[in-house]
>>> print(open('coords_38.cif').read())   # mmCIF, N, CA and C atoms
data_start
#
loop_
_atom_site.label_atom_id
_atom_site.label_comp_id
_atom_site.auth_asym_id
_atom_site.auth_seq_id
_atom_site.Cartn_x
_atom_site.Cartn_y
_atom_site.Cartn_z
N MET X 3 157.25 57.85 194.19
CA MET X 3 156.67 56.83 193.35
C MET X 3 157.68 56.43 192.29
N PRO X 4 158.10 55.20 192.25
CA PRO X 4 159.11 54.77 191.28
C PRO X 4 158.57 54.74 189.85
N CYS X 5 159.45 55.02 188.90
CA CYS X 5 159.08 54.99 187.49
C CYS X 5 159.17 53.57 186.95
N LYS X 6 158.40 53.30 185.95
CA LYS X 6 158.49 52.01 185.28
C LYS X 6 159.69 52.03 184.36
N VAL X 7 160.25 50.85 184.13
CA VAL X 7 161.42 50.73 183.28
C VAL X 7 161.10 51.18 181.86
N ASP X 8 159.92 50.89 181.35
CA ASP X 8 159.54 51.27 179.99
C ASP X 8 159.49 52.79 179.83
N GLU X 9 159.02 53.51 180.87
CA GLU X 9 158.96 54.96 180.79
C GLU X 9 160.35 55.56 180.73
N ILE X 10 161.29 55.00 181.46
CA ILE X 10 162.66 55.50 181.46
C ILE X 10 163.29 55.27 180.09
N ASN X 11 163.12 54.09 179.52
CA ASN X 11 163.67 53.80 178.20
C ASN X 11 163.06 54.70 177.13
N PHE X 12 161.76 54.96 177.25
CA PHE X 12 161.10 55.83 176.29
C PHE X 12 161.69 57.24 176.35
N ARG X 13 161.90 57.74 177.55
CA ARG X 13 162.47 59.08 177.70
C ARG X 13 163.89 59.13 177.16
N TYR X 14 164.66 58.09 177.41
CA TYR X 14 166.04 58.05 176.94
C TYR X 14 166.08 57.97 175.41
N ASP X 15 165.22 57.17 174.83
CA ASP X 15 165.20 57.00 173.38
C ASP X 15 164.70 58.25 172.65
N SER X 16 163.90 59.08 173.33
CA SER X 16 163.35 60.24 172.66
C SER X 16 164.36 61.40 172.57
N ILE X 17 165.50 61.29 173.27
CA ILE X 17 166.53 62.32 173.20
C ILE X 17 167.36 62.09 171.95
N PRO X 18 167.47 63.09 171.06
CA PRO X 18 168.27 62.88 169.84
C PRO X 18 169.76 62.78 170.19
N PRO X 19 170.50 61.94 169.48
CA PRO X 19 171.93 61.82 169.76
C PRO X 19 172.67 63.08 169.37
N LYS X 20 173.77 63.36 170.08
CA LYS X 20 174.57 64.55 169.78
C LYS X 20 175.49 64.23 168.61
N THR X 21 175.23 64.84 167.49
CA THR X 21 176.07 64.67 166.31
C THR X 21 176.40 66.04 165.76
N MET X 22 177.54 66.14 165.12
CA MET X 22 177.92 67.42 164.54
C MET X 22 177.09 67.64 163.28
N ASN X 23 176.60 68.83 163.13
CA ASN X 23 175.81 69.18 161.96
C ASN X 23 176.72 69.13 160.74
N THR X 24 176.46 68.21 159.83
CA THR X 24 177.33 68.00 158.68
C THR X 24 177.40 69.24 157.79
N ARG X 25 176.28 69.91 157.63
CA ARG X 25 176.26 71.09 156.78
C ARG X 25 177.16 72.19 157.33
N ASN X 26 177.08 72.44 158.65
CA ASN X 26 177.93 73.46 159.26
C ASN X 26 179.40 73.10 159.13
N TYR X 27 179.73 71.80 159.28
CA TYR X 27 181.12 71.36 159.16
C TYR X 27 181.64 71.59 157.74
N GLN X 28 180.81 71.26 156.74
CA GLN X 28 181.22 71.46 155.35
C GLN X 28 181.36 72.94 155.03
N GLU X 29 180.46 73.77 155.55
CA GLU X 29 180.56 75.21 155.33
C GLU X 29 181.82 75.77 155.97
N GLN X 30 182.19 75.26 157.15
CA GLN X 30 183.40 75.74 157.81
C GLN X 30 184.62 75.38 156.98
N LYS X 31 184.69 74.15 156.49
CA LYS X 31 185.83 73.73 155.68
C LYS X 31 185.90 74.54 154.39
N PHE X 32 184.75 74.82 153.79
CA PHE X 32 184.69 75.62 152.58
C PHE X 32 185.18 77.04 152.86
N THR X 33 184.78 77.62 153.99
CA THR X 33 185.20 78.95 154.36
C THR X 33 186.70 79.00 154.61
N GLU X 34 187.24 78.00 155.29
CA GLU X 34 188.68 77.95 155.52
C GLU X 34 189.43 77.87 154.19
N LYS X 35 188.90 77.10 153.25
CA LYS X 35 189.55 76.97 151.94
C LYS X 35 189.58 78.32 151.22
N ILE X 36 188.47 79.06 151.26
CA ILE X 36 188.41 80.37 150.62
C ILE X 36 189.39 81.33 151.29
N LEU X 37 189.42 81.34 152.62
CA LEU X 37 190.34 82.23 153.33
C LEU X 37 191.80 81.90 153.02
N ASN X 38 192.13 80.60 152.98
CA ASN X 38 193.51 80.22 152.70
C ASN X 38 193.90 80.56 151.27
N GLU X 39 192.96 80.45 150.32
CA GLU X 39 193.25 80.86 148.94
C GLU X 39 193.48 82.38 148.89
N HIS X 40 192.69 83.13 149.64
CA HIS X 40 192.84 84.59 149.67
C HIS X 40 194.15 84.99 150.35
N LEU X 41 194.58 84.23 151.35
CA LEU X 41 195.83 84.55 152.04
C LEU X 41 197.05 84.41 151.13
N LYS X 42 196.94 83.59 150.10
CA LYS X 42 198.06 83.41 149.17
C LYS X 42 198.34 84.69 148.37
N THR X 43 197.34 85.57 148.27
CA THR X 43 197.51 86.82 147.52
C THR X 43 198.13 87.92 148.38
N LYS X 44 198.48 87.64 149.62
CA LYS X 44 199.08 88.59 150.55
C LYS X 44 198.23 89.86 150.70
N PRO X 45 197.03 89.76 151.29
CA PRO X 45 196.18 90.94 151.44
C PRO X 45 196.79 91.95 152.40
N LYS X 46 196.36 93.21 152.29
CA LYS X 46 196.90 94.29 153.12
C LYS X 46 196.57 94.11 154.59
N TRP X 47 195.40 93.56 154.89
CA TRP X 47 195.00 93.42 156.29
C TRP X 47 195.82 92.37 157.02
N LEU X 48 196.57 91.54 156.29
CA LEU X 48 197.39 90.53 156.94
C LEU X 48 198.49 91.16 157.80
N ALA X 49 198.99 92.31 157.37
CA ALA X 49 200.04 93.01 158.12
C ALA X 49 199.51 93.59 159.43
N THR X 50 198.21 93.84 159.51
CA THR X 50 197.64 94.44 160.71
C THR X 50 197.10 93.42 161.70
N CYS X 51 197.19 92.14 161.39
CA CYS X 51 196.70 91.11 162.32
C CYS X 51 197.55 91.10 163.58
N GLY X 52 196.89 90.97 164.71
CA GLY X 52 197.61 90.90 165.97
C GLY X 52 198.08 89.48 166.27
N LYS X 53 198.98 89.38 167.21
CA LYS X 53 199.46 88.06 167.62
C LYS X 53 198.66 87.57 168.81
N VAL X 54 198.63 86.26 168.98
CA VAL X 54 197.92 85.66 170.11
C VAL X 54 198.70 85.97 171.37
N ASN X 55 198.00 86.38 172.42
CA ASN X 55 198.64 86.58 173.71
C ASN X 55 197.81 85.88 174.78
N ARG X 56 198.14 86.07 176.03
CA ARG X 56 197.44 85.35 177.09
C ARG X 56 196.03 85.84 177.31
N TYR X 57 195.68 86.98 176.77
CA TYR X 57 194.33 87.52 176.91
C TYR X 57 193.42 87.19 175.73
N THR X 58 193.94 86.53 174.72
CA THR X 58 193.15 86.20 173.53
C THR X 58 192.10 85.16 173.86
N ARG X 59 190.88 85.42 173.45
CA ARG X 59 189.77 84.49 173.67
C ARG X 59 189.15 84.14 172.32
N ALA X 60 188.68 82.90 172.20
CA ALA X 60 188.12 82.44 170.93
C ALA X 60 186.68 82.86 170.76
N GLY X 61 185.95 83.01 171.83
CA GLY X 61 184.54 83.38 171.71
C GLY X 61 183.68 82.20 171.31
N LYS X 62 182.43 82.46 171.08
CA LYS X 62 181.46 81.41 170.79
C LYS X 62 181.67 80.76 169.42
N HIS X 63 182.09 81.54 168.44
CA HIS X 63 182.21 81.04 167.08
C HIS X 63 183.64 80.75 166.66
N GLY X 64 184.59 80.88 167.57
CA GLY X 64 185.98 80.57 167.27
C GLY X 64 186.71 81.72 166.61
N LYS X 65 188.01 81.54 166.41
CA LYS X 65 188.85 82.54 165.74
C LYS X 65 189.65 81.86 164.65
N PHE X 66 189.98 82.62 163.64
CA PHE X 66 190.82 82.13 162.54
C PHE X 66 192.25 82.55 162.85
N ILE X 67 193.15 81.58 163.01
CA ILE X 67 194.55 81.89 163.30
C ILE X 67 195.39 81.59 162.06
N ILE X 68 196.49 82.34 161.91
CA ILE X 68 197.32 82.23 160.72
C ILE X 68 198.74 81.86 161.14
N CYS X 69 199.30 80.89 160.44
CA CYS X 69 200.67 80.43 160.70
C CYS X 69 201.65 81.51 160.24
N PRO X 70 202.65 81.85 161.06
CA PRO X 70 203.61 82.88 160.66
C PRO X 70 204.62 82.39 159.61
N ILE X 71 204.73 81.09 159.42
CA ILE X 71 205.71 80.55 158.49
C ILE X 71 205.13 80.41 157.07
N CYS X 72 203.98 79.74 156.96
CA CYS X 72 203.43 79.48 155.63
C CYS X 72 202.26 80.40 155.27
N GLU X 73 201.83 81.25 156.19
CA GLU X 73 200.74 82.21 155.96
C GLU X 73 199.40 81.53 155.62
N GLN X 74 199.21 80.30 156.08
CA GLN X 74 197.93 79.61 155.95
C GLN X 74 197.33 79.50 157.34
N GLY X 75 196.03 79.22 157.42
CA GLY X 75 195.41 79.24 158.73
C GLY X 75 194.34 78.20 158.94
N GLY X 76 193.71 78.28 160.09
CA GLY X 76 192.64 77.38 160.47
C GLY X 76 191.87 77.94 161.64
N MET X 77 190.72 77.34 161.91
CA MET X 77 189.87 77.79 163.01
C MET X 77 190.27 77.11 164.31
N VAL X 78 190.21 77.86 165.40
CA VAL X 78 190.38 77.30 166.75
C VAL X 78 189.22 77.78 167.60
N TYR X 79 188.85 76.98 168.58
CA TYR X 79 187.72 77.31 169.43
C TYR X 79 188.12 77.51 170.89
N HIS X 80 189.40 77.36 171.18
CA HIS X 80 189.92 77.67 172.52
C HIS X 80 191.42 77.90 172.38
N PHE X 81 191.99 78.54 173.36
CA PHE X 81 193.42 78.81 173.36
C PHE X 81 194.09 78.16 174.57
N SER X 82 193.59 77.01 174.99
CA SER X 82 194.20 76.32 176.12
C SER X 82 195.27 75.34 175.63
N TRP X 83 196.23 75.85 174.90
CA TRP X 83 197.36 75.08 174.40
C TRP X 83 198.59 75.99 174.42
N SER X 84 199.76 75.39 174.45
CA SER X 84 200.97 76.20 174.48
C SER X 84 201.67 76.24 173.12
N ALA X 85 201.47 75.22 172.31
CA ALA X 85 202.02 75.18 170.96
C ALA X 85 201.08 74.35 170.09
N LEU X 86 201.09 74.65 168.80
CA LEU X 86 200.19 73.98 167.88
C LEU X 86 200.95 73.69 166.59
N GLN X 87 200.72 72.51 166.02
CA GLN X 87 201.36 72.16 164.76
C GLN X 87 200.50 72.66 163.61
N CYS X 88 201.11 73.34 162.68
CA CYS X 88 200.39 73.85 161.51
C CYS X 88 199.94 72.68 160.66
N GLN X 89 198.69 72.73 160.21
CA GLN X 89 198.14 71.65 159.39
C GLN X 89 198.66 71.71 157.96
N HIS X 90 199.23 72.84 157.56
CA HIS X 90 199.66 73.01 156.18
C HIS X 90 201.15 72.76 156.00
N CYS X 91 201.98 73.34 156.86
CA CYS X 91 203.43 73.17 156.70
C CYS X 91 204.03 72.18 157.70
N GLY X 92 203.29 71.82 158.74
CA GLY X 92 203.75 70.81 159.69
C GLY X 92 204.71 71.30 160.75
N SER X 93 204.98 72.59 160.81
CA SER X 93 205.92 73.09 161.82
C SER X 93 205.20 73.34 163.15
N LEU X 94 205.91 73.11 164.23
CA LEU X 94 205.38 73.30 165.58
C LEU X 94 205.64 74.75 165.99
N ILE X 95 204.57 75.47 166.30
CA ILE X 95 204.67 76.91 166.56
C ILE X 95 204.07 77.20 167.92
N THR X 96 204.77 77.99 168.73
CA THR X 96 204.26 78.36 170.04
C THR X 96 203.07 79.31 169.90
N LYS X 97 202.27 79.38 170.94
CA LYS X 97 201.04 80.16 170.90
C LYS X 97 201.27 81.64 170.58
N ASN X 98 202.31 82.23 171.15
CA ASN X 98 202.54 83.68 170.99
C ASN X 98 202.99 84.07 169.59
N GLN X 99 203.34 83.12 168.73
CA GLN X 99 203.79 83.43 167.38
C GLN X 99 202.65 83.42 166.37
N TRP X 100 201.52 82.79 166.68
CA TRP X 100 200.38 82.74 165.74
C TRP X 100 199.76 84.12 165.59
N LYS X 101 199.28 84.43 164.39
CA LYS X 101 198.53 85.67 164.15
C LYS X 101 197.04 85.34 164.27
N VAL X 102 196.28 86.28 164.78
CA VAL X 102 194.84 86.07 164.94
C VAL X 102 194.08 87.17 164.23
N THR X 103 193.01 86.79 163.54
CA THR X 103 192.18 87.78 162.84
C THR X 103 191.01 88.17 163.75
N GLY X 104 190.57 89.39 163.59
CA GLY X 104 189.39 89.86 164.33
C GLY X 104 189.65 90.09 165.72
#
>>> encode(input="coords_38.cif", output="structure tokens")
Amino acid sequence: MPCKVDEINFRYDSIPPKTMNTRNYQEQKFTEKILNEHLKTKPKWLATCGKVNRYTRAGKHGKFIICPICEQGGMVYHFSWSALQCQHCGSLITKNQWKVTG
């Protein structure tokens, strides 16, 4: 039995659009800012951070990676890249040189 055009439009319109939750985005940026401010103090745990290797996985909530040159970092949600440009110092760094927390 075919559907009426109005029923299809109603079903389509009732689906909420996919948008990023603004509050979560702002909280993430705020958290990155706090972590980067803390990294400037050279904490002891920074020396124990491991480097990214081919077995590193980001997981559901992502990982915080740290630039080996400027000691600042950012969140990543996958590791399907071979090199990444640091957002703070602008240098292009290969995957195996980044430090990963957790």
>>> residues_around(input="coords_38.cif", residues="segment 81-91 of chain X", least_positions_apart="5", cutoff="7 Å", atoms="only C-alpha atoms", output="count of residues only")
7
>>> residues_around(input="coords_38.cif", residues="Gly64 of chain X", least_positions_apart="4", cutoff="6.5 Å", atoms="only N, CA and C atoms", output="mmCIF file with N, CA and C atoms, in the frame of the given file")
data_model
loop_
_atom_site.group_PDB
_atom_site.id
_atom_site.type_symbol
_atom_site.label_atom_id
_atom_site.label_comp_id
_atom_site.auth_asym_id
_atom_site.auth_seq_id
_atom_site.Cartn_x
_atom_site.Cartn_y
_atom_site.Cartn_z
ATOM 1 N N ALA X 60 188.680 82.900 172.200
ATOM 2 C CA ALA X 60 188.120 82.440 170.930
ATOM 3 C C ALA X 60 186.680 82.860 170.760
ATOM 4 N N MET X 77 190.720 77.340 161.910
ATOM 5 C CA MET X 77 189.870 77.790 163.010
ATOM 6 C C MET X 77 190.270 77.110 164.310
ATOM 7 N N VAL X 78 190.210 77.860 165.400
ATOM 8 C CA VAL X 78 190.380 77.300 166.750
ATOM 9 C C VAL X 78 189.220 77.780 167.600
ATOM 10 N N TYR X 79 188.850 76.980 168.580
ATOM 11 C CA TYR X 79 187.720 77.310 169.430
ATOM 12 C C TYR X 79 188.120 77.510 170.890
ATOM 13 N N HIS X 80 189.400 77.360 171.180
ATOM 14 C CA HIS X 80 189.920 77.670 172.520
ATOM 15 C C HIS X 80 191.420 77.900 172.380
#
>>> closest_residue(input="coords_38.cif", among="X:Ile68, X:Leu94, X:Val54, X:Val102", to="Leu41 of chain X", atoms="only C-alpha atoms")
X:Ile68
>>> resolve_selection(input="coords_38.cif", expression="the PyMOL selection byres (((chain X and resi 38 and name CA) around 12) and name CA)", output="list in words")
Lys31, Phe32, Thr33, Glu34, Lys35, Ile36, Leu37, Glu39, His40, Leu41, Lys42, Thr43, Lys44, Pro45, Leu48, Phe66, Ile67, Ile68, Cys69, Cys72, Glu73, Gln74, Gly75, Gly76, Met77, Gln89 and His90 of chain X
>>> select_by_dssp(input="coords_38.cif", residues="segment 26-76 of chain X", states="helix (DSSP H, G or I)", output="list in words")
Asn26, Tyr27, Gln28, Glu29, Gln30, Lys31, Phe32, Thr33, Glu34, Lys35, Ile36, Leu37, Asn38, Glu39, His40, Leu41, Lys46, Trp47, Leu48, Ala49 and Thr50 of chain X
>>> atom_distance(input="coords_38.cif", atom1="atom N of Asn98 of chain X", atom2="atom C of Lys53 of chain X")
6.9 Å
>>> atom_distance(input="coords_38.cif", atom1="atom C of Lys46 of chain X", atom2="atom N of Gly92 of chain X")
23.6 Å
>>> axis_aligned_box(input="coords_38.cif", around="segment 81-95 of chain X", padding_each_side="5 Å", output="JSON")
{"center_x": 199.0, "center_y": 74.8, "center_z": 166.1, "size_x": 23.9, "size_y": 18.0, "size_z": 30.1}
>>> atom_distance(input="coords_38.cif", atom1="atom C of Ser93 of chain X", atom2="atom CA of Lys62 of chain X")
26.2 Å
>>> closest_residue(input="coords_38.cif", among="X:Tyr57, X:His63, X:Ala49, X:Pro70", to="Gln99 of chain X", atoms="only N, CA and C atoms")
X:Pro70
